[in-house]
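Q: Here you go, my_file.cif (mmCIF, C-alpha atoms and all ligand atoms):
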```cif
data_protein
loop_
_atom_site.group_PDB
_atom_site.id
_atom_site.type_symbol
_atom_site.label_atom_id
_atom_site.label_comp_id
_atom_site.auth_asym_id
_atom_site.auth_seq_id
_atom_site.Cartn_x
_atom_site.Cartn_y
_atom_site.Cartn_z
ATOM 1 C CA HIS A 1 1.780 7.145 21.262
ATOM 2 C CA ILE A 2 2.851 10.139 19.229
ATOM 3 C CA GLN A 3 5.792 8.421 17.598
ATOM 4 C CA SER A 4 3.857 5.359 16.487
ATOM 5 C CA MET A 5 4.445 4.505 12.866
ATOM 6 C CA VAL A 6 2.752 2.958 9.885
ATOM 7 C CA THR A 7 4.801 0.653 7.669
ATOM 8 C CA LEU A 8 4.437 1.771 4.058
ATOM 9 C CA SER A 9 4.214 -0.723 1.194
ATOM 10 C CA ASN A 10 7.950 -0.261 0.473
ATOM 11 C CA GLY A 11 8.799 -1.340 4.033
ATOM 12 C CA ARG A 12 9.679 2.171 5.229
ATOM 13 C CA GLN A 13 8.075 3.573 8.359
ATOM 14 C CA MET A 14 6.209 6.866 8.626
ATOM 15 C CA PRO A 15 4.719 8.516 11.733
ATOM 16 C CA TRP A 16 0.901 8.467 11.865
ATOM 17 C CA LEU A 17 0.890 12.070 13.037
ATOM 18 C CA GLY A 18 2.912 14.996 11.758
ATOM 19 C CA LEU A 19 2.965 18.787 11.688
ATOM 20 C CA GLY A 20 1.745 20.591 8.558
ATOM 21 C CA VAL A 21 3.467 23.924 7.960
ATOM 22 C CA TYR A 22 1.383 25.454 5.129
ATOM 23 C CA LYS A 23 1.193 29.255 5.350
ATOM 24 C CA MET A 24 3.804 29.431 8.084
ATOM 25 C CA SER A 25 6.222 32.202 7.259
ATOM 26 C CA GLU A 26 9.878 31.452 6.649
ATOM 27 C CA GLY A 27 11.888 32.266 9.746
ATOM 28 C CA GLN A 28 10.505 32.701 13.235
ATOM 29 C CA GLU A 29 7.012 31.241 12.718
ATOM 30 C CA VAL A 30 8.044 28.004 11.101
ATOM 31 C CA THR A 31 11.155 27.438 13.229
ATOM 32 C CA ALA A 32 9.335 28.143 16.513
ATOM 33 C CA SER A 33 6.447 25.845 15.530
ATOM 34 C CA ILE A 34 8.733 22.980 14.580
ATOM 35 C CA GLU A 35 10.792 23.500 17.707
ATOM 36 C CA ALA A 36 7.615 23.232 19.832
ATOM 37 C CA ALA A 37 6.436 20.212 17.869
ATOM 38 C CA ILE A 38 9.718 18.309 18.141
ATOM 39 C CA ARG A 39 10.036 19.137 21.841
ATOM 40 C CA ASN A 40 6.612 17.574 22.291
ATOM 41 C CA GLY A 41 7.421 14.397 20.429
ATOM 42 C CA TYR A 42 6.523 15.120 16.803
ATOM 43 C CA ARG A 43 8.977 13.611 14.319
ATOM 44 C CA SER A 44 7.212 14.219 10.984
ATOM 45 C CA ILE A 45 7.082 17.583 9.186
ATOM 46 C CA ASP A 46 5.082 18.244 6.002
ATOM 47 C CA THR A 47 6.280 21.133 3.831
ATOM 48 C CA ALA A 48 6.337 21.931 0.087
ATOM 49 C CA ALA A 49 8.336 24.106 -2.286
ATOM 50 C CA LEU A 50 5.140 26.170 -2.643
ATOM 51 C CA TYR A 51 5.120 27.052 1.059
ATOM 52 C CA GLN A 52 8.422 28.931 0.705
ATOM 53 C CA ASN A 53 9.565 27.909 4.159
ATOM 54 C CA GLU A 54 11.891 24.990 3.435
ATOM 55 C CA GLU A 55 14.909 26.967 4.681
ATOM 56 C CA GLY A 56 13.204 27.593 7.999
ATOM 57 C CA VAL A 57 12.232 23.925 8.207
ATOM 58 C CA GLY A 58 15.883 23.000 7.626
ATOM 59 C CA GLN A 59 17.109 25.400 10.302
ATOM 60 C CA ALA A 60 14.608 24.052 12.828
ATOM 61 C CA ILE A 61 15.645 20.474 12.078
ATOM 62 C CA LYS A 62 19.311 21.321 12.570
ATOM 63 C CA ALA A 63 18.615 23.230 15.795
ATOM 64 C CA SER A 64 16.512 20.385 17.210
ATOM 65 C CA GLY A 65 19.504 18.144 17.856
ATOM 66 C CA ILE A 66 17.342 15.143 16.939
ATOM 67 C CA SER A 67 19.212 12.614 14.820
ATOM 68 C CA ARG A 68 18.294 12.644 11.146
ATOM 69 C CA GLU A 69 17.229 8.996 11.196
ATOM 70 C CA GLU A 70 14.500 9.772 13.744
ATOM 71 C CA LEU A 71 12.900 12.479 11.630
ATOM 72 C CA PHE A 72 10.510 12.091 8.709
ATOM 73 C CA ILE A 73 10.564 15.020 6.299
ATOM 74 C CA THR A 74 8.150 15.438 3.395
ATOM 75 C CA THR A 75 8.303 18.039 0.646
ATOM 76 C CA LYS A 76 6.576 18.362 -2.740
ATOM 77 C CA VAL A 77 7.336 19.408 -6.303
ATOM 78 C CA TRP A 78 5.245 22.418 -7.347
ATOM 79 C CA ASN A 79 3.102 22.460 -10.506
ATOM 80 C CA SER A 80 5.252 24.906 -12.492
ATOM 81 C CA ASP A 81 8.281 22.632 -11.992
ATOM 82 C CA GLN A 82 6.635 19.490 -13.328
ATOM 83 C CA GLY A 83 8.336 17.598 -16.140
ATOM 84 C CA TYR A 84 11.456 15.388 -15.922
ATOM 85 C CA ASP A 85 14.424 17.785 -15.899
ATOM 86 C CA SER A 86 12.618 20.577 -14.088
ATOM 87 C CA THR A 87 11.576 18.203 -11.308
ATOM 88 C CA LEU A 88 15.165 17.036 -10.799
ATOM 89 C CA LYS A 89 16.185 20.693 -10.555
ATOM 90 C CA ALA A 90 13.341 21.534 -8.182
ATOM 91 C CA PHE A 91 14.344 18.611 -5.965
ATOM 92 C CA ASP A 92 17.934 19.892 -5.754
ATOM 93 C CA ALA A 93 16.658 23.356 -4.848
ATOM 94 C CA SER A 94 14.397 21.969 -2.103
ATOM 95 C CA MET A 95 17.193 19.814 -0.695
ATOM 96 C CA SER A 96 19.672 22.647 -0.535
ATOM 97 C CA LYS A 97 17.089 24.818 1.250
ATOM 98 C CA LEU A 98 16.288 22.011 3.664
ATOM 99 C CA GLY A 99 19.987 21.279 4.138
ATOM 100 C CA LEU A 100 19.379 17.525 3.974
ATOM 101 C CA ASP A 101 21.313 14.812 2.172
ATOM 102 C CA TYR A 102 18.285 12.563 1.802
ATOM 103 C CA LEU A 103 14.548 13.139 1.948
ATOM 104 C CA ASP A 104 12.008 10.784 3.517
ATOM 105 C CA LEU A 105 9.073 11.459 1.201
ATOM 106 C CA TYR A 106 8.799 13.434 -2.047
ATOM 107 C CA LEU A 107 5.325 14.044 -3.460
ATOM 108 C CA ILE A 108 3.901 15.320 -6.730
ATOM 109 C CA HIS A 109 1.857 18.201 -5.285
ATOM 110 C CA TRP A 110 -0.999 18.120 -7.859
ATOM 111 C CA PRO A 111 -1.727 15.921 -10.915
ATOM 112 C CA VAL A 112 -0.838 18.452 -13.628
ATOM 113 C CA LYS A 113 -2.420 17.174 -16.849
ATOM 114 C CA GLY A 114 0.014 15.899 -19.452
ATOM 115 C CA LYS A 115 2.960 16.273 -17.084
ATOM 116 C CA TYR A 116 2.584 14.134 -13.999
ATOM 117 C CA LYS A 117 3.853 10.944 -15.645
ATOM 118 C CA GLU A 118 7.125 12.623 -16.707
ATOM 119 C CA THR A 119 7.367 14.069 -13.218
ATOM 120 C CA TRP A 120 6.904 10.585 -11.793
ATOM 121 C CA LYS A 121 9.853 9.305 -13.865
ATOM 122 C CA ALA A 122 12.029 11.932 -12.190
ATOM 123 C CA LEU A 123 10.816 10.815 -8.759
ATOM 124 C CA GLU A 124 11.644 7.210 -9.700
ATOM 125 C CA GLN A 125 15.157 8.300 -10.647
ATOM 126 C CA LEU A 126 15.639 10.189 -7.374
ATOM 127 C CA HIS A 127 14.420 7.104 -5.541
ATOM 128 C CA LYS A 128 16.803 4.858 -7.476
ATOM 129 C CA ASP A 129 19.668 7.224 -6.661
ATOM 130 C CA GLY A 130 18.874 6.952 -2.958
ATOM 131 C CA ARG A 131 18.146 10.650 -2.599
ATOM 132 C CA VAL A 132 14.582 10.028 -1.429
ATOM 133 C CA ARG A 133 13.449 6.995 0.527
ATOM 134 C CA SER A 134 9.787 7.037 -0.464
ATOM 135 C CA ILE A 135 7.926 8.642 -3.346
ATOM 136 C CA GLY A 136 4.263 9.424 -3.600
ATOM 137 C CA VAL A 137 1.588 11.726 -4.902
ATOM 138 C CA SER A 138 -0.879 14.304 -3.638
ATOM 139 C CA ASN A 139 -4.355 15.216 -4.818
ATOM 140 C CA PHE A 140 -4.561 12.202 -7.122
ATOM 141 C CA GLN A 141 -8.047 10.867 -7.869
ATOM 142 C CA ILE A 142 -8.619 7.212 -8.735
ATOM 143 C CA HIS A 143 -8.309 7.868 -12.483
ATOM 144 C CA HIS A 144 -4.964 9.645 -12.012
ATOM 145 C CA LEU A 145 -3.663 6.719 -9.969
ATOM 146 C CA GLU A 146 -4.841 4.147 -12.509
ATOM 147 C CA ASP A 147 -3.092 6.111 -15.242
ATOM 148 C CA LEU A 148 0.118 6.437 -13.220
ATOM 149 C CA LEU A 149 0.174 2.804 -12.079
ATOM 150 C CA ALA A 150 -0.183 1.579 -15.657
ATOM 151 C CA ASN A 151 3.467 2.552 -16.347
ATOM 152 C CA ALA A 152 5.059 3.041 -12.949
ATOM 153 C CA GLU A 153 8.278 1.162 -12.204
ATOM 154 C CA VAL A 154 8.119 2.268 -8.588
ATOM 155 C CA ARG A 155 4.646 2.475 -7.104
ATOM 156 C CA PRO A 156 3.577 5.524 -5.096
ATOM 157 C CA VAL A 157 3.419 4.617 -1.410
ATOM 158 C CA VAL A 158 1.404 7.640 -0.239
ATOM 159 C CA ASN A 159 -1.452 9.752 -1.626
ATOM 160 C CA GLN A 160 -1.912 12.952 0.394
ATOM 161 C CA VAL A 161 -5.408 14.349 -0.200
ATOM 162 C CA GLU A 162 -7.913 16.717 1.326
ATOM 163 C CA LEU A 163 -9.739 14.594 3.889
ATOM 164 C CA HIS A 164 -11.838 15.485 6.932
ATOM 165 C CA PRO A 165 -15.312 14.569 8.200
ATOM 166 C CA LEU A 166 -16.982 16.817 5.570
ATOM 167 C CA LEU A 167 -15.009 15.067 2.789
ATOM 168 C CA SER A 168 -14.373 11.532 3.966
ATOM 169 C CA GLN A 169 -13.144 10.197 0.579
ATOM 170 C CA VAL A 170 -14.472 6.670 1.170
ATOM 171 C CA GLU A 171 -14.070 5.480 -2.431
ATOM 172 C CA LEU A 172 -10.545 6.838 -2.798
ATOM 173 C CA ARG A 173 -9.566 5.359 0.567
ATOM 174 C CA GLU A 174 -10.803 1.941 -0.485
ATOM 175 C CA TYR A 175 -9.038 2.126 -3.837
ATOM 176 C CA CYS A 176 -5.751 3.214 -2.238
ATOM 177 C CA LYS A 177 -6.000 0.462 0.344
ATOM 178 C CA SER A 178 -6.433 -2.119 -2.416
ATOM 179 C CA GLN A 179 -3.289 -0.753 -4.127
ATOM 180 C CA GLY A 180 -1.106 -0.555 -1.012
ATOM 181 C CA ILE A 181 -1.102 3.243 -1.105
ATOM 182 C CA GLN A 182 -1.255 4.914 2.299
ATOM 183 C CA ILE A 183 -3.749 7.783 2.526
ATOM 184 C CA GLU A 184 -2.616 10.947 4.265
ATOM 185 C CA ALA A 185 -5.101 13.700 5.179
ATOM 186 C CA TRP A 186 -4.413 17.354 4.390
ATOM 187 C CA SER A 187 -6.553 20.025 6.025
ATOM 188 C CA PRO A 188 -7.678 17.329 8.480
ATOM 189 C CA LEU A 189 -9.439 20.018 10.530
ATOM 190 C CA ALA A 190 -11.120 21.430 7.397
ATOM 191 C CA GLN A 191 -9.038 24.557 8.124
ATOM 192 C CA GLY A 192 -11.009 25.161 11.302
ATOM 193 C CA LYS A 193 -14.484 24.848 9.738
ATOM 194 C CA LEU A 194 -15.481 21.880 11.881
ATOM 195 C CA LEU A 195 -14.395 23.057 15.274
ATOM 196 C CA ASP A 196 -17.919 24.118 16.323
ATOM 197 C CA ASN A 197 -19.644 21.009 15.017
ATOM 198 C CA GLU A 198 -22.177 19.791 17.587
ATOM 199 C CA VAL A 199 -21.693 16.065 16.930
ATOM 200 C CA LEU A 200 -17.932 16.382 17.393
ATOM 201 C CA LYS A 201 -18.350 18.606 20.458
ATOM 202 C CA ALA A 202 -20.667 16.105 22.132
ATOM 203 C CA ILE A 203 -18.270 13.219 21.475
ATOM 204 C CA GLY A 204 -15.331 15.289 22.726
ATOM 205 C CA ALA A 205 -17.177 16.243 25.922
ATOM 206 C CA LYS A 206 -17.491 12.573 26.826
ATOM 207 C CA TYR A 207 -13.704 12.127 26.806
ATOM 208 C CA GLY A 208 -12.647 15.622 27.880
ATOM 209 C CA LYS A 209 -11.231 16.175 24.382
ATOM 210 C CA SER A 210 -11.541 19.045 21.893
ATOM 211 C CA THR A 211 -13.233 18.714 18.515
ATOM 212 C CA ALA A 212 -9.763 18.912 16.894
ATOM 213 C CA GLN A 213 -8.642 15.944 18.988
ATOM 214 C CA VAL A 214 -11.777 13.975 18.090
ATOM 215 C CA ILE A 215 -11.137 14.510 14.371
ATOM 216 C CA ILE A 216 -7.466 13.534 14.624
ATOM 217 C CA ARG A 217 -8.481 10.406 16.533
ATOM 218 C CA TRP A 218 -11.052 9.586 13.807
ATOM 219 C CA ASP A 219 -8.222 9.783 11.232
ATOM 220 C CA LEU A 220 -5.979 7.462 13.214
ATOM 221 C CA GLN A 221 -8.708 4.885 13.863
ATOM 222 C CA HIS A 222 -9.444 4.851 10.125
ATOM 223 C CA GLY A 223 -5.777 4.196 9.363
ATOM 224 C CA ILE A 224 -5.234 7.658 7.885
ATOM 225 C CA VAL A 225 -1.929 9.497 8.355
ATOM 226 C CA THR A 226 -2.716 13.038 9.490
ATOM 227 C CA ILE A 227 -0.851 16.378 9.563
ATOM 228 C CA PRO A 228 -2.862 19.068 11.386
ATOM 229 C CA LYS A 229 -1.331 22.526 11.209
ATOM 230 C CA SER A 230 -0.905 24.926 14.085
ATOM 231 C CA SER A 231 1.738 27.460 15.024
ATOM 232 C CA ASN A 232 0.306 27.819 18.521
ATOM 233 C CA PRO A 233 2.398 25.701 20.939
ATOM 234 C CA LYS A 234 -0.646 24.883 23.101
ATOM 235 C CA ARG A 235 -2.541 23.556 20.082
ATOM 236 C CA ILE A 236 0.527 21.717 18.788
ATOM 237 C CA VAL A 237 0.551 19.811 22.080
ATOM 238 C CA GLU A 238 -3.245 19.402 22.057
ATOM 239 C CA ASN A 239 -3.255 17.932 18.535
ATOM 240 C CA ALA A 240 -0.769 15.254 19.564
ATOM 241 C CA ASN A 241 -2.585 14.367 22.764
ATOM 242 C CA VAL A 242 -4.835 11.839 21.073
ATOM 243 C CA PHE A 243 -3.305 8.519 22.022
ATOM 244 C CA ASP A 244 -5.046 8.087 25.385
ATOM 245 C CA PHE A 245 -8.661 7.595 24.282
ATOM 246 C CA GLU A 246 -10.564 5.557 21.749
ATOM 247 C CA LEU A 247 -13.753 6.361 19.837
ATOM 248 C CA THR A 248 -16.392 3.636 19.843
ATOM 249 C CA ALA A 249 -17.563 2.041 16.598
ATOM 250 C CA GLU A 250 -20.824 3.970 17.045
ATOM 251 C CA GLU A 251 -18.990 7.294 17.405
ATOM 252 C CA MET A 252 -16.846 6.521 14.342
ATOM 253 C CA LYS A 253 -20.086 5.961 12.381
ATOM 254 C CA GLN A 254 -21.585 9.195 13.682
ATOM 255 C CA ILE A 255 -18.521 11.099 12.438
ATOM 256 C CA ASP A 256 -18.593 9.203 9.115
ATOM 257 C CA GLY A 257 -22.187 10.464 8.820
ATOM 258 C CA LEU A 258 -21.003 14.092 8.672
ATOM 259 C CA ASN A 259 -19.657 13.603 5.137
ATOM 260 C CA GLN A 260 -21.034 16.040 2.549
ATOM 261 C CA ASP A 261 -18.377 15.587 -0.144
ATOM 262 C CA GLN A 262 -17.532 19.196 0.605
ATOM 263 C CA ARG A 263 -14.063 20.548 -0.180
ATOM 264 C CA VAL A 264 -12.314 23.466 1.492
ATOM 265 C CA GLY A 265 -9.567 23.384 -1.161
ATOM 266 C CA PRO A 266 -9.433 23.100 -4.975
ATOM 267 C CA ASP A 267 -10.869 20.219 -6.986
ATOM 268 C CA PRO A 268 -7.941 18.149 -8.341
ATOM 269 C CA ASP A 269 -9.712 17.709 -11.687
ATOM 270 C CA ASN A 270 -9.802 21.464 -12.261
ATOM 271 C CA PHE A 271 -6.553 22.695 -10.788
ATOM 272 C CA ASP A 272 -3.172 22.787 -12.443
HETATM 273 P P1 LIG A 301 -5.890 22.217 9.008
HETATM 274 O O1 LIG A 301 -7.137 21.500 8.674
HETATM 275 O O2 LIG A 301 -4.773 21.498 9.637
HETATM 276 O O3 LIG A 301 -6.337 23.438 9.911
HETATM 277 C C1 LIG A 301 -5.463 24.390 10.360
HETATM 278 C C2 LIG A 301 -6.248 25.478 11.061
HETATM 279 O O4 LIG A 301 -6.850 24.975 12.243
HETATM 280 C C3 LIG A 301 -5.323 26.610 11.492
HETATM 281 O O5 LIG A 301 -5.971 27.812 11.193
HETATM 282 C C4 LIG A 301 -5.171 26.448 12.988
HETATM 283 O O6 LIG A 301 -5.080 27.682 13.597
HETATM 284 C C5 LIG A 301 -6.430 25.706 13.387
HETATM 285 N N1 LIG A 301 -6.150 24.747 14.472
HETATM 286 C C6 LIG A 301 -5.193 23.807 14.497
HETATM 287 N N2 LIG A 301 -5.256 23.071 15.621
HETATM 288 C C7 LIG A 301 -6.278 23.586 16.348
HETATM 289 C C8 LIG A 301 -6.837 23.264 17.603
HETATM 290 N N3 LIG A 301 -6.340 22.278 18.348
HETATM 291 N N4 LIG A 301 -7.900 23.979 18.025
HETATM 292 C C9 LIG A 301 -8.401 24.989 17.284
HETATM 293 N N5 LIG A 301 -7.920 25.338 16.086
HETATM 294 C C10 LIG A 301 -6.864 24.644 15.613
HETATM 295 O O7 LIG A 301 -5.433 23.003 7.680
HETATM 296 P P2 LIG A 301 -4.208 23.061 6.700
HETATM 297 O O8 LIG A 301 -3.068 23.794 7.283
HETATM 298 O O9 LIG A 301 -4.769 23.545 5.420
HETATM 299 O O10 LIG A 301 -3.760 21.532 6.471
HETATM 300 C C11 LIG A 301 -2.768 20.884 7.235
HETATM 301 C C12 LIG A 301 -1.503 20.639 6.432
HETATM 302 O O11 LIG A 301 -1.804 19.868 5.259
HETATM 303 C C13 LIG A 301 -0.886 21.898 5.845
HETATM 304 O O12 LIG A 301 -0.193 22.655 6.810
HETATM 305 C C14 LIG A 301 -0.018 21.321 4.777
HETATM 306 O O13 LIG A 301 1.172 20.780 5.336
HETATM 307 C C15 LIG A 301 -0.902 20.209 4.225
HETATM 308 N N6 LIG A 301 -1.650 20.630 3.016
HETATM 309 C C16 LIG A 301 -1.383 19.999 1.844
HETATM 310 C C17 LIG A 301 -2.062 20.337 0.694
HETATM 311 C C18 LIG A 301 -1.758 19.623 -0.562
HETATM 312 O O14 LIG A 301 -2.234 20.045 -1.639
HETATM 313 N N7 LIG A 301 -1.019 18.553 -0.557
HETATM 314 C C19 LIG A 301 -3.038 21.342 0.704
HETATM 315 C C20 LIG A 301 -3.311 21.981 1.926
HETATM 316 C C21 LIG A 301 -2.622 21.603 3.067
#
```
Have the structure of the file written as structure tokens, please.

A:
Amino acid sequence: HIQSMVTLSNGRQMPWLGLGVYKMSEGQEVTASIEAAIRNGYRSIDTAALYQNEEGVGQAIKASGISREELFITTKVWNSDQGYDSTLKAFDASMSKLGLDYLDLYLIHWPVKGKYKETWKALEQLHKDGRVRSIGVSNFQIHHLEDLLANAEVRPVVNQVELHPLLSQVELREYCKSQGIQIEAWSPLAQGKLLDNEVLKAIGAKYGKSTAQVIIRWDLQHGIVTIPKSSNPKRIVENANVFDFELTAEEMKQIDGLNQDQRVGPDPDNFD
């Protein structure tokens, strides 16, 4: 069901499904979306300093009346704040906007060359101080992870990357699995690009499900944490209504076959 959880390699639990809030405006849009999501059972929210809506996320959390322990809140340190001291400062700024006294998951948003290892030391400190329960990375390729793991005192428990049927990231998924790093998919719906795909439509028709639901189900059956974004209450409900059907092994393979190593977002090796 919607609140089912994966146990991360540090023993902490994280919901398999969450709400992404990228490009939601601070204020009404983000608070109304989170309100709809929480009312319909979501407990995990994915934001970032970059999204400039952490205050709205915080207000929605407070208004929800759900106890803090039941929620799972992720935010990320932006590229221009990377480095040790600047990351500690950025974390404080995010936390005061969110109005939280601890965070569930703090991520390095992108692997900024020459900086991400210093940034990681700051995340380790925040973890040691109990201000964040889990620390992880985003947009890290295998070589970034190998580099980070060579000196890490605390290992990243999550790598949030672009992942959808057009970019299935098989190699990275296998590497992360071997290192106990949970993969989380951003832009799981390829920002809407896949919604008219005939293979996905045909599979969905069999179960009375939408293409979005088929993709989210494909994530879950592959053991991928997923955070589809919508600010439309009907779609927020739709995207969570994926726990009452199961794709066959054959259908999973058909969807795997859609991979074209095609990104909708930036290439992590050329973006910082
Ligand atoms: P997405 O793949 O979740 O697609 C969102 C788009 O699909 C929206 O335009 C929405 O209107 C549409 N949509 C959603 N549900 C639908 C449905 N049921 N039917 C039809 N259309 C539907 O794209 P995203 O927002 O880029 O990614 C999801 C989340 O991932 C973001 O909100 C953010 O939290 C995170 N993210 C992280 C990074 C990163 O660098 N770490 C980058 C991009 C996004």

Q: Taking all listed atoms of stretch 140-144 of chain A, build the axis-aligned box, pad each of the six sides by 6 Å, then write its centre and edge lengths in Å to one decimal as AutoDock Vina command-line options.

A:
```
--center_x -6.6 --center_y 9.7 --center_z -9.8 --size_x 16.1 --size_y 17.0 --size_z 17.4
```

Q: Excluding stretch 84-100 of chain A and residues on its chain fewer than 5 positions from it, collect all residues at most 10 Å away from it, counting only C-alpha atoms, and give them as a ChimeraX atom specification.

A: /A:48-49,52-62,68,73,75-79,106,108,115-123,125-126,131-132

Q: For stretch 37-47 of chain A, list every protein, DNA or RNA residue within 6 Å, evaluated using all atoms listed in the file, and leave out those in the same chain fewer than 6 positions away; present the list as a VMD selection string.

A: chain A and resid 18 to 21 71 to 75

Q: List as a ChimeraX atom specification the protein and nucleic acid residues lying within 8 Å of ligand LIG 301 (chain A), with all atoms listed in the file counted.

A: /A:19-24,45-48,76,109-110,138-139,160-162,164,185-192,195,210-213,227-232,234-236,238-239,265

Q: Between A:Ile34, A:Leu107, A:Leu258, A:Val225, which is the closest to A:Ser134 once you count only C-alpha atoms?

A: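 Comparing A:Ile34, A:Leu107, A:Leu258, A:Val225 against A:Ser134, the winner is A:Leu107.
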
Q: Pick from A:Leu194, A:Val199, A:Leu103, A:Leu8: nearest to A:Lys177, with all atoms listed in the file counted?

A: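 Answer, going by the shortest atom-to-atom distance: A:Leu8.
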
Q: Of the candidates A:Phe140, A:Glu174, A:Ser25, A:Gln179, which one gets nearest to A:Asp267 if we count only C-alpha atoms?

A: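 Of all the options, A:Phe140 lies closest to A:Asp267.
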
Q: Measuring between only C-alpha atoms, which one of A:Gly180, A:Gly83, A:Gly204, A:Pro268 shows the shortest distance to A:Gly11?

A: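 Of A:Gly180, A:Gly83, A:Gly204, A:Pro268, the one nearest A:Gly11, counting only C-alpha atoms, is A:Gly180.
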
Q: With all atoms listed in the file counted, which protein, DNA or RNA residues have an atom no more than 6 Å from (-13.4, 12.4, 15.0) in the file frame? Please answer as a list in words.

A: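 Looking at atoms near the point gives Val214, Ile215, Arg217, Trp218 and Ile255 of chain A.
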
Q: With C-alpha atoms retained, write the just-selected residues as an mmCIF file, keeping the file's coordinate frame.

A:
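Produced file selection-v5.cif, reproduced below:
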```
data_model
loop_
_atom_site.group_PDB
_atom_site.id
_atom_site.type_symbol
_atom_site.label_atom_id
_atom_site.label_comp_id
_atom_site.auth_asym_id
_atom_site.auth_seq_id
_atom_site.Cartn_x
_atom_site.Cartn_y
_atom_site.Cartn_z
ATOM 1 C CA VAL A 214 -11.777 13.975 18.090
ATOM 2 C CA ILE A 215 -11.137 14.510 14.371
ATOM 3 C CA ARG A 217 -8.481 10.406 16.533
ATOM 4 C CA TRP A 218 -11.052 9.586 13.807
ATOM 5 C CA ILE A 255 -18.521 11.099 12.438
#
```

Q: Can you translate the PyMOL selection byres (((chain A and resi 181) around 9) and not hetatm) into the concrete residues it hits in this file, as a PyMOL selection string?

A: chain A and resi 8-9+136+155-159+173+175-180+182-183

Q: Rounded to one decimal, what separation in Å do you get between atom CA of A:Ala36 and atom CA of A:Ser67?

A: 16.5 Å

Q: Evaluate the PyMOL selection byres (((chain A and resi 167) around 9) and not hetatm) on the structure here and hand back the selected residues as a ChimeraX atom specification.

A: /A:162-166,168-170,190,258-264

Q: Taking into account only C-alpha atoms, which residue in the set A:Met14, A:Lys201, A:Lys193, A:Glu29 is nearest to A:Ile2?

A: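 Residue with the minimum atom-to-atom distance to A:Ile2: A:Met14.
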
Q: Determine the residue set returned by the PyMOL selection byres (((chain A and resi 16) around 6) and not hetatm) for the present structure, and present it as an MDAnalysis selection string.

A: chainID A and resid 5 15 17 225

Q: Between atom CA of A:Ile224 and atom CA of A:Ala32, what distance in Å does the model show, to one decimal?

A: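 If I compute the distance from atom CA of A:Ile224 to atom CA of A:Ala32, I get 26.6 Å.
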
Q: Enter the distance from atom CA of A:Pro233 to atom CA of A:Ser33, in Å, rounded to one decimal.

A: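 Answer for the atom CA of A:Pro233 to atom CA of A:Ser33 separation: 6.8 Å.
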
Q: Would you please work out which residue, of A:Ile142, A:Ala240, A:Leu149, A:Ile135, is nearest to A:Leu172 when using only C-alpha atoms?

A: A:Ile142
